[in-house]
>>> print(open('run33.tsv').read())   # TSV, C-alpha atoms
chain	number	residue	atom	x	y	z
A	1	MET	CA	122.80	-22.93	157.05
A	2	ASN	CA	122.06	-26.62	157.45
A	3	HIS	CA	120.00	-28.07	154.63
A	4	LEU	CA	119.50	-31.28	152.68
A	5	SER	CA	119.93	-30.68	148.97
A	6	GLU	CA	117.79	-33.69	148.00
A	7	GLU	CA	114.80	-32.54	150.07
A	8	PHE	CA	112.07	-30.75	148.11
A	9	LEU	CA	110.07	-29.22	150.95
A	10	TRP	CA	111.84	-26.20	152.39
A	11	VAL	CA	110.34	-26.81	155.82
A	12	GLU	CA	112.30	-30.10	155.94
A	13	LYS	CA	115.28	-28.97	153.92
A	14	TYR	CA	116.02	-26.10	156.31
A	15	ARG	CA	114.85	-27.67	159.55
A	16	PRO	CA	117.35	-26.77	162.33
A	17	LYS	CA	119.64	-29.64	163.29
A	18	THR	CA	120.84	-28.19	166.60
A	19	VAL	CA	119.13	-26.51	169.54
A	20	ALA	CA	121.32	-23.43	169.03
A	21	SER	CA	119.93	-22.92	165.52
A	22	THR	CA	116.27	-23.01	166.60
A	23	ILE	CA	114.30	-19.78	167.01
A	24	LEU	CA	112.88	-19.80	170.53
A	25	PRO	CA	112.71	-17.46	173.55
A	26	PRO	CA	116.01	-17.63	175.49
A	27	ASP	CA	114.58	-19.31	178.61
A	28	ILE	CA	113.06	-22.15	176.57
A	29	LYS	CA	116.12	-22.57	174.36
A	30	ASP	CA	118.42	-22.64	177.41
A	31	LYS	CA	116.30	-25.38	178.97
A	32	PHE	CA	116.67	-27.62	175.91
A	33	GLN	CA	120.36	-26.80	175.56
A	34	SER	CA	120.91	-27.90	179.16
A	35	PHE	CA	119.37	-31.29	178.35
A	36	VAL	CA	121.84	-31.68	175.48
A	37	ASP	CA	124.81	-30.49	177.54
A	38	GLN	CA	123.96	-32.92	180.35
A	39	LYS	CA	123.25	-35.69	177.81
A	40	GLN	CA	120.02	-36.44	179.65
A	41	ILE	CA	116.60	-35.80	178.13
A	42	PRO	CA	113.66	-36.51	180.45
A	43	ASN	CA	110.18	-37.45	179.30
A	44	LEU	CA	108.77	-34.21	177.91
A	45	LEU	CA	105.38	-32.72	177.11
A	46	LEU	CA	105.86	-29.80	174.72
A	47	CYS	CA	102.79	-27.55	174.45
A	48	GLY	CA	102.12	-24.64	172.12
A	49	GLY	CA	100.56	-23.43	168.88
A	50	ALA	CA	101.15	-24.89	165.45
A	51	GLY	CA	104.52	-24.38	163.79
A	52	VAL	CA	106.36	-22.85	166.78
A	53	GLY	CA	109.14	-25.47	166.78
A	54	LYS	CA	108.06	-28.20	169.22
A	55	THR	CA	108.88	-31.17	167.01
A	56	THR	CA	111.89	-29.41	165.51
A	57	VAL	CA	113.61	-28.84	168.85
A	58	ALA	CA	112.78	-32.40	169.97
A	59	ARG	CA	114.44	-33.83	166.86
A	60	ALA	CA	117.36	-31.39	167.14
A	61	MET	CA	118.15	-32.54	170.69
A	62	LEU	CA	118.06	-36.20	169.75
A	63	GLU	CA	120.14	-35.73	166.63
A	64	GLU	CA	122.76	-33.72	168.52
A	65	LEU	CA	123.10	-36.57	171.00
A	66	GLY	CA	123.01	-39.23	168.27
A	67	CYS	CA	119.97	-40.94	169.81
A	68	GLU	CA	117.90	-43.46	167.92
A	69	TYR	CA	114.29	-42.30	167.67
A	70	ILE	CA	111.02	-42.65	165.81
A	71	VAL	CA	108.28	-40.10	165.18
A	72	VAL	CA	104.65	-41.20	165.54
A	73	ASN	CA	101.91	-38.85	164.34
A	74	GLY	CA	99.12	-38.95	166.92
A	75	SER	CA	96.50	-37.61	164.52
A	76	MET	CA	97.12	-40.45	162.04
A	77	GLU	CA	98.47	-43.28	164.21
A	78	GLY	CA	96.91	-42.48	167.56
A	79	GLY	CA	95.19	-45.80	168.18
A	80	ILE	CA	96.01	-48.52	170.70
A	81	ASP	CA	97.27	-50.81	167.91
A	82	THR	CA	100.15	-48.41	167.20
A	83	LEU	CA	101.16	-48.60	170.85
A	84	ARG	CA	101.03	-52.40	170.89
A	85	THR	CA	102.99	-52.83	167.65
A	86	THR	CA	105.16	-49.96	166.41
A	87	ILE	CA	105.95	-48.33	169.77
A	88	GLN	CA	106.28	-51.51	171.82
A	89	LEU	CA	108.58	-53.12	169.26
A	90	PHE	CA	110.79	-50.05	169.15
A	91	ALA	CA	110.82	-49.35	172.89
A	92	SER	CA	111.57	-52.93	173.91
A	93	SER	CA	114.55	-53.43	171.59
A	94	THR	CA	118.10	-52.36	172.38
A	95	SER	CA	119.47	-49.32	170.58
A	96	LEU	CA	122.10	-50.02	167.92
A	97	GLU	CA	123.91	-46.93	169.20
A	98	GLY	CA	124.02	-48.32	172.72
A	99	GLY	CA	122.20	-45.38	174.30
A	100	ARG	CA	118.65	-44.54	175.31
A	101	LYS	CA	116.04	-44.54	172.55
A	102	TYR	CA	113.17	-42.08	172.19
A	103	VAL	CA	109.66	-41.95	170.81
A	104	ILE	CA	108.40	-38.56	169.63
A	105	LEU	CA	104.61	-38.62	169.81
A	106	ASP	CA	103.66	-35.72	167.57
A	107	GLU	CA	100.18	-34.17	167.97
A	108	ALA	CA	99.63	-36.23	171.12
A	109	ASP	CA	96.40	-34.36	171.85
A	110	TYR	CA	94.85	-36.49	169.08
A	111	LEU	CA	95.70	-39.80	170.75
A	112	THR	CA	92.58	-41.87	171.40
A	113	HIS	CA	91.08	-42.16	174.89
A	114	HIS	CA	92.29	-45.78	174.94
A	115	MET	CA	95.89	-45.00	174.04
A	116	GLN	CA	96.58	-42.23	176.55
A	117	PRO	CA	95.95	-44.36	179.69
A	118	ALA	CA	97.88	-47.27	178.18
A	119	LEU	CA	100.80	-45.01	177.33
A	120	ARG	CA	101.46	-44.13	180.97
A	121	ASN	CA	102.25	-47.78	181.73
A	122	PHE	CA	104.53	-48.01	178.69
A	123	MET	CA	106.48	-44.96	179.87
A	124	GLU	CA	107.19	-46.70	183.18
A	125	GLU	CA	107.76	-50.19	181.80
A	126	PHE	CA	110.39	-49.10	179.25
A	127	SER	CA	111.84	-46.16	181.19
A	128	LYS	CA	115.35	-47.62	181.35
A	129	ASN	CA	115.54	-48.17	177.61
A	130	CYS	CA	113.24	-45.58	176.05
A	131	GLY	CA	112.12	-42.02	176.67
A	132	PHE	CA	109.05	-40.24	175.35
A	133	ILE	CA	108.59	-36.72	173.99
A	134	LEU	CA	104.99	-35.67	173.45
A	135	THR	CA	104.00	-32.56	171.50
A	136	CYS	CA	100.54	-31.01	171.53
A	137	ASN	CA	98.65	-27.84	170.70
A	138	PHE	CA	96.18	-28.22	173.57
A	139	LYS	CA	97.65	-29.52	176.82
A	140	ASN	CA	94.20	-29.83	178.43
A	141	LYS	CA	93.55	-32.75	176.06
A	142	ILE	CA	96.41	-34.71	177.64
A	143	ILE	CA	95.36	-36.70	180.72
A	144	ALA	CA	96.82	-35.73	184.11
A	145	PRO	CA	98.78	-39.01	184.59
A	146	LEU	CA	100.80	-38.20	181.45
A	147	HIS	CA	101.41	-34.65	182.66
A	148	SER	CA	102.81	-36.04	185.90
A	149	ARG	CA	105.18	-38.37	184.06
A	150	CYS	CA	106.66	-35.57	181.92
A	151	SER	CA	108.45	-32.28	182.30
A	152	VAL	CA	106.01	-29.81	180.76
A	153	VAL	CA	107.40	-27.03	178.55
A	154	GLU	CA	105.02	-24.38	177.22
A	155	PHE	CA	106.06	-22.57	174.04
A	156	LYS	CA	104.93	-19.08	174.95
A	157	ILE	CA	106.60	-15.99	173.50
A	158	PRO	CA	106.76	-13.08	175.97
A	159	SER	CA	105.98	-9.74	174.35
A	160	GLN	CA	109.54	-8.46	174.88
A	161	TYR	CA	110.92	-11.23	172.67
A	162	LYS	CA	108.47	-11.06	169.76
A	163	ALA	CA	110.38	-8.42	167.78
A	164	ILE	CA	113.70	-10.17	168.48
A	165	LEU	CA	112.45	-13.55	167.27
A	166	ALA	CA	110.77	-12.01	164.22
A	167	LYS	CA	114.12	-10.40	163.32
A	168	GLU	CA	115.91	-13.74	163.78
A	169	PHE	CA	113.44	-15.43	161.49
A	170	MET	CA	113.81	-12.65	158.95
A	171	GLN	CA	117.52	-13.48	158.74
A	172	LYS	CA	116.70	-17.18	158.38
A	173	ALA	CA	114.20	-16.44	155.62
A	174	ILE	CA	116.73	-14.25	153.80
A	175	GLY	CA	119.27	-17.06	154.05
A	176	ILE	CA	116.80	-19.55	152.55
A	177	LEU	CA	115.86	-17.26	149.67
A	178	ASP	CA	119.51	-16.42	148.94
A	179	THR	CA	120.40	-20.12	148.92
A	180	GLU	CA	117.49	-20.90	146.59
A	181	GLY	CA	118.33	-17.97	144.31
A	182	ILE	CA	114.97	-16.25	144.83
A	183	LYS	CA	114.68	-12.47	144.50
A	184	TYR	CA	112.84	-10.70	147.31
A	185	GLU	CA	111.93	-7.35	148.77
A	186	VAL	CA	112.69	-7.08	152.49
A	187	LYS	CA	109.52	-5.08	153.18
A	188	VAL	CA	107.30	-7.73	151.56
A	189	LEU	CA	109.17	-10.48	153.38
A	190	GLY	CA	108.48	-8.65	156.64
A	191	VAL	CA	104.76	-8.46	155.87
A	192	LEU	CA	104.63	-12.19	155.17
A	193	ILE	CA	106.49	-13.05	158.39
A	194	MET	CA	104.34	-10.84	160.63
A	195	LYS	CA	101.14	-12.13	159.04
A	196	HIS	CA	101.81	-15.68	160.27
A	197	PHE	CA	104.14	-15.03	163.26
A	198	PRO	CA	105.04	-17.19	165.18
A	199	ASP	CA	104.01	-20.12	162.97
A	200	TRP	CA	107.48	-20.67	161.46
A	201	ARG	CA	106.39	-23.75	159.53
A	202	ARG	CA	103.61	-21.89	157.75
A	203	ILE	CA	105.89	-18.96	156.95
A	204	ILE	CA	108.43	-21.24	155.26
A	205	ASN	CA	105.67	-23.06	153.37
A	206	GLU	CA	104.26	-19.71	152.21
A	207	LEU	CA	107.74	-18.57	151.14
A	208	GLN	CA	108.16	-21.68	149.01
A	209	TYR	CA	104.70	-21.24	147.52
A	210	TYR	CA	105.22	-17.61	146.51
A	211	ALA	CA	108.82	-18.25	145.43
A	212	SER	CA	107.42	-20.45	142.65
A	213	THR	CA	106.64	-17.18	140.81
A	214	GLY	CA	110.34	-16.34	140.88
A	215	ALA	CA	110.26	-13.45	143.36
A	216	ILE	CA	108.90	-12.36	146.73
A	217	ASP	CA	107.88	-8.82	145.79
A	218	THR	CA	105.01	-6.35	145.98
A	219	GLY	CA	103.08	-8.44	143.46
A	220	ILE	CA	102.17	-10.96	146.19
A	221	LEU	CA	100.77	-8.36	148.61
A	222	ASN	CA	97.40	-8.17	146.87
A	223	THR	CA	97.28	-11.96	146.78
A	224	LEU	CA	98.04	-12.13	150.49
A	225	GLN	CA	95.28	-9.65	151.25
A	226	GLU	CA	92.76	-11.48	149.06
A	227	LEU	CA	93.53	-14.81	150.72
A	228	SER	CA	93.36	-13.20	154.14
A	229	LEU	CA	89.95	-11.68	153.38
A	230	LYS	CA	88.67	-15.01	152.05
A	231	GLU	CA	89.75	-16.66	155.29
A	232	LEU	CA	88.01	-13.92	157.31
A	233	PHE	CA	84.67	-14.32	155.51
A	234	TYR	CA	84.88	-18.10	155.91
A	235	ASN	CA	85.35	-17.79	159.68
A	236	MET	CA	82.48	-15.30	159.94
A	237	LYS	CA	80.23	-17.66	158.01
A	238	GLU	CA	81.19	-20.47	160.39
A	239	ARG	CA	80.55	-18.15	163.38
A	240	ASN	CA	84.09	-18.86	164.58
A	241	TYR	CA	84.54	-15.87	166.87
A	242	THR	CA	87.96	-16.99	168.11
A	243	ASN	CA	89.45	-16.96	164.61
A	244	VAL	CA	87.67	-13.72	163.69
A	245	ARG	CA	89.09	-11.96	166.73
A	246	LYS	CA	92.51	-13.47	165.98
A	247	TRP	CA	92.26	-12.08	162.43
A	248	ALA	CA	91.54	-8.61	163.83
A	249	ALA	CA	94.62	-8.83	166.04
A	250	GLU	CA	96.93	-10.14	163.30
A	251	ASN	CA	95.83	-7.41	160.88
A	252	ALA	CA	95.71	-4.53	163.35
A	253	ASP	CA	98.42	-2.68	161.43
A	254	MET	CA	96.52	-2.80	158.10
A	255	ASP	CA	95.58	0.59	156.71
A	256	SER	CA	91.97	1.13	157.89
A	257	ALA	CA	90.75	2.90	154.78
A	258	GLU	CA	92.21	0.12	152.62
A	259	PHE	CA	90.59	-2.58	154.78
A	260	TYR	CA	87.09	-1.11	154.68
A	261	ARG	CA	87.36	-0.49	150.92
A	262	MET	CA	88.49	-4.10	150.33
A	263	PHE	CA	85.69	-5.36	152.56
A	264	TYR	CA	83.13	-3.24	150.72
A	265	ASN	CA	84.38	-4.42	147.32
A	266	SER	CA	84.08	-8.07	148.41
A	267	LEU	CA	80.47	-8.00	149.58
A	268	ASN	CA	78.96	-9.36	146.36
A	269	GLU	CA	81.34	-12.31	146.39
A	270	TYR	CA	80.85	-13.47	149.98
A	271	VAL	CA	77.62	-11.99	151.39
A	272	ASP	CA	73.98	-12.84	150.75
A	273	GLN	CA	72.32	-10.13	148.67
A	274	ASN	CA	69.71	-9.40	151.35
A	275	SER	CA	72.44	-8.57	153.88
A	276	ILE	CA	74.43	-6.22	151.67
A	277	PRO	CA	72.40	-2.99	152.30
A	278	TYR	CA	72.75	-3.44	156.06
A	279	LEU	CA	76.46	-4.19	155.68
A	280	VAL	CA	77.08	-1.04	153.63
A	281	VAL	CA	75.71	0.97	156.55
A	282	LEU	CA	77.98	-0.91	158.97
A	283	VAL	CA	81.05	-0.27	156.80
A	284	ALA	CA	80.25	3.45	156.71
A	285	LYS	CA	79.64	3.54	160.48
A	286	TYR	CA	82.78	1.74	161.59
A	287	SER	CA	85.11	3.30	159.01
A	288	TYR	CA	84.02	6.70	160.34
A	289	GLN	CA	84.48	5.59	163.97
A	290	ASP	CA	87.93	4.25	163.17
A	291	SER	CA	89.31	7.75	162.61
A	292	PHE	CA	88.93	8.61	166.30
A	293	ALA	CA	88.87	5.16	167.97
A	294	LEU	CA	91.28	4.86	170.90
A	295	ASP	CA	92.02	1.24	169.96
A	296	LYS	CA	91.60	0.46	166.26
A	297	GLU	CA	91.88	-3.30	166.83
A	298	ILE	CA	88.88	-3.25	169.18
A	299	ASN	CA	86.92	-1.14	166.70
A	300	THR	CA	87.67	-3.65	163.92
A	301	ALA	CA	86.79	-6.60	166.18
A	302	ALA	CA	83.48	-4.92	167.07
A	303	PHE	CA	82.71	-4.37	163.38
A	304	LEU	CA	83.45	-7.98	162.47
A	305	THR	CA	81.47	-9.28	165.44
A	306	GLU	CA	78.41	-7.32	164.38
A	307	VAL	CA	78.79	-8.49	160.78
A	308	MET	CA	79.14	-12.10	161.90
A	309	ALA	CA	76.12	-11.91	164.20
A	310	ASP	CA	73.65	-10.14	161.91
A	311	CYS	CA	74.52	-11.05	158.31
A	312	LYS	CA	74.06	-14.07	156.09
A	313	PHE	CA	76.84	-15.34	153.87
A	314	LYS	CA	77.03	-17.24	150.62
>>> encode(input="run33.tsv", output="structure tokens")
Amino acid sequence: MNHLSEEFLWVEKYRPKTVASTILPPDIKDKFQSFVDQKQIPNLLLCGGAGVGKTTVARAMLEELGCEYIVVNGSMEGGIDTLRTTIQLFASSTSLEGGRKYVILDEADYLTHHMQPALRNFMEEFSKNCGFILTCNFKNKIIAPLHSRCSVVEFKIPSQYKAILAKEFMQKAIGILDTEGIKYEVKVLGVLIMKHFPDWRRIINELQYYASTGAIDTGILNTLQELSLKELFYNMKERNYTNVRKWAAENADMDSAEFYRMFYNSLNEYVDQNSIPYLVVLVAKYSYQDSFALDKEINTAAFLTEVMADCKFK
């Protein structure tokens, strides 16, 4: 396993250095491997959720080919001044390695409305000397002229590959913990991975966090559930239906009786006192319905939606 011994953060220490060592669906991985094999990387727009490996595979390709590159964070350096100074200076100079240089624009969906139009001209002006790889979570926030100047790759995981990729990451996680000398229980490790799948970055960060106790064992399960419930109540308070529904999907395999008991026990901590009597009735209603619901995830989502709509929170 490739790692840098002097690096503290596991997410950097164990970042894949080759395309082959990334964890991606085969069709996406093959596409990036072909770029490396042909020694030609076009301008790219990599789209997908957080932590799925967009920046990692971009860096892996460039490092395999020995290309000179810089990484610009669009959420922190997304203004026109960055384009006129940092990027222009880099793109206009000749590579010390003699090859084509690259700019990785991370979180490009946060680039300002001034920078995106200006960037399209830069991509053409310096095309012979410098290529651009943009990563984003929301491709609709990238203007059409940039789409047309890039090959767009969407990081979607087909359902038939989810179990395969989760298993691959399990092996990676085991390798990390073995290297770091951390004790673990495979079952608990599996729970942690599936909770945040496919956000690989968050999983590794969570592993490092819980490893600080010396072991990844059943002792962290209650902590995981408490943090998960805290996150759920926060999203309900904010009326964030998208995240509430996502929570229901991610926790669909949780024992129903355990969930409703945990929810009931947490009412005093998160819910306004005037809403608690009504909520107790809802808990009783939906926990009863759950025993014969055809789709338990939908039943849970309906419960949370009603709670979010009709209750007040602290």
>>> residues_around(input="run33.tsv", residues="A:Phe155", least_positions_apart="6", cutoff="12 Å", atoms="all atoms listed in the file", output="PDB file with C-alpha atoms, in the coordinates of the input")
ATOM      1  CA  ILE A  23     114.300 -19.780 167.010  1.00  0.00           C
ATOM      2  CA  LEU A  24     112.880 -19.800 170.530  1.00  0.00           C
ATOM      3  CA  PRO A  25     112.710 -17.460 173.550  1.00  0.00           C
ATOM      4  CA  PRO A  26     116.010 -17.630 175.490  1.00  0.00           C
ATOM      5  CA  ASP A  27     114.580 -19.310 178.610  1.00  0.00           C
ATOM      6  CA  ILE A  28     113.060 -22.150 176.570  1.00  0.00           C
ATOM      7  CA  LYS A  29     116.120 -22.570 174.360  1.00  0.00           C
ATOM      8  CA  LYS A  31     116.300 -25.380 178.970  1.00  0.00           C
ATOM      9  CA  PHE A  32     116.670 -27.620 175.910  1.00  0.00           C
ATOM     10  CA  LEU A  45     105.380 -32.720 177.110  1.00  0.00           C
ATOM     11  CA  LEU A  46     105.860 -29.800 174.720  1.00  0.00           C
ATOM     12  CA  CYS A  47     102.790 -27.550 174.450  1.00  0.00           C
ATOM     13  CA  GLY A  48     102.120 -24.640 172.120  1.00  0.00           C
ATOM     14  CA  GLY A  49     100.560 -23.430 168.880  1.00  0.00           C
ATOM     15  CA  ALA A  50     101.150 -24.890 165.450  1.00  0.00           C
ATOM     16  CA  GLY A  51     104.520 -24.380 163.790  1.00  0.00           C
ATOM     17  CA  VAL A  52     106.360 -22.850 166.780  1.00  0.00           C
ATOM     18  CA  GLY A  53     109.140 -25.470 166.780  1.00  0.00           C
ATOM     19  CA  LYS A  54     108.060 -28.200 169.220  1.00  0.00           C
ATOM     20  CA  THR A  55     108.880 -31.170 167.010  1.00  0.00           C
ATOM     21  CA  VAL A  57     113.610 -28.840 168.850  1.00  0.00           C
ATOM     22  CA  THR A 135     104.000 -32.560 171.500  1.00  0.00           C
ATOM     23  CA  CYS A 136     100.540 -31.010 171.530  1.00  0.00           C
ATOM     24  CA  ASN A 137      98.650 -27.840 170.700  1.00  0.00           C
ATOM     25  CA  PHE A 138      96.180 -28.220 173.570  1.00  0.00           C
ATOM     26  CA  LYS A 139      97.650 -29.520 176.820  1.00  0.00           C
ATOM     27  CA  PRO A 198     105.040 -17.190 165.180  1.00  0.00           C
ATOM     28  CA  ASP A 199     104.010 -20.120 162.970  1.00  0.00           C
TER      29      ASP A 199
END
>>> residues_around(input="run33.tsv", residues="stretch 160-171 of chain A", least_positions_apart="3", cutoff="10 Å", atoms="only C-alpha atoms", output="list in words")
Thr22, Ile23, Leu24, Pro25, Pro26, Ile157, Ile174, Gly175, Ile176, Leu177, Val186, Leu189, Gly190, Leu192, Ile193, Met194, Phe197, Pro198, Trp200, Ile203 and Ile204 of chain A
>>> closest_residue(input="run33.tsv", among="A:Gln38, A:Asn205, A:Asn274, A:Asp255", to="A:Lys13", atoms="all atoms listed in the file")
A:Asn205
>>> atom_distance(input="run33.tsv", atom1="atom CA of A:Arg201", atom2="atom CA of A:Asn243")
18.9 Å
>>> atom_distance(input="run33.tsv", atom1="atom CA of A:Lys17", atom2="atom CA of A:Thr56")
8.1 Å
>>> atom_distance(input="run33.tsv", atom1="atom CA of A:Gln116", atom2="atom CA of A:Thr82")
11.8 Å
>>> closest_residue(input="run33.tsv", among="A:Leu83, A:Ile182, A:Ala91, A:Ile142", to="A:Gln208", atoms="all atoms listed in the file")
A:Ile182
>>> closest_residue(input="run33.tsv", among="A:Cys130, A:Ile87, A:Val280, A:Val188", to="A:Tyr210", atoms="only C-alpha atoms")
A:Val188
>>> residues_around(input="run33.tsv", residues="stretch 285-294 of chain A", least_positions_apart="4", cutoff="9 Å", atoms="only C-alpha atoms", output="PyMOL selection string")
chain A and resi 256-257+260+280-281+298-300+302-303
>>> closest_residue(input="run33.tsv", among="A:Tyr110, A:Leu44, A:Ser212, A:Asp295", to="A:Asn73", atoms="all atoms listed in the file")
A:Tyr110
>>> closest_residue(input="run33.tsv", among="A:Gly181, A:Pro277, A:Gly131, A:Gly66", to="A:Pro42", atoms="only C-alpha atoms")
A:Gly131
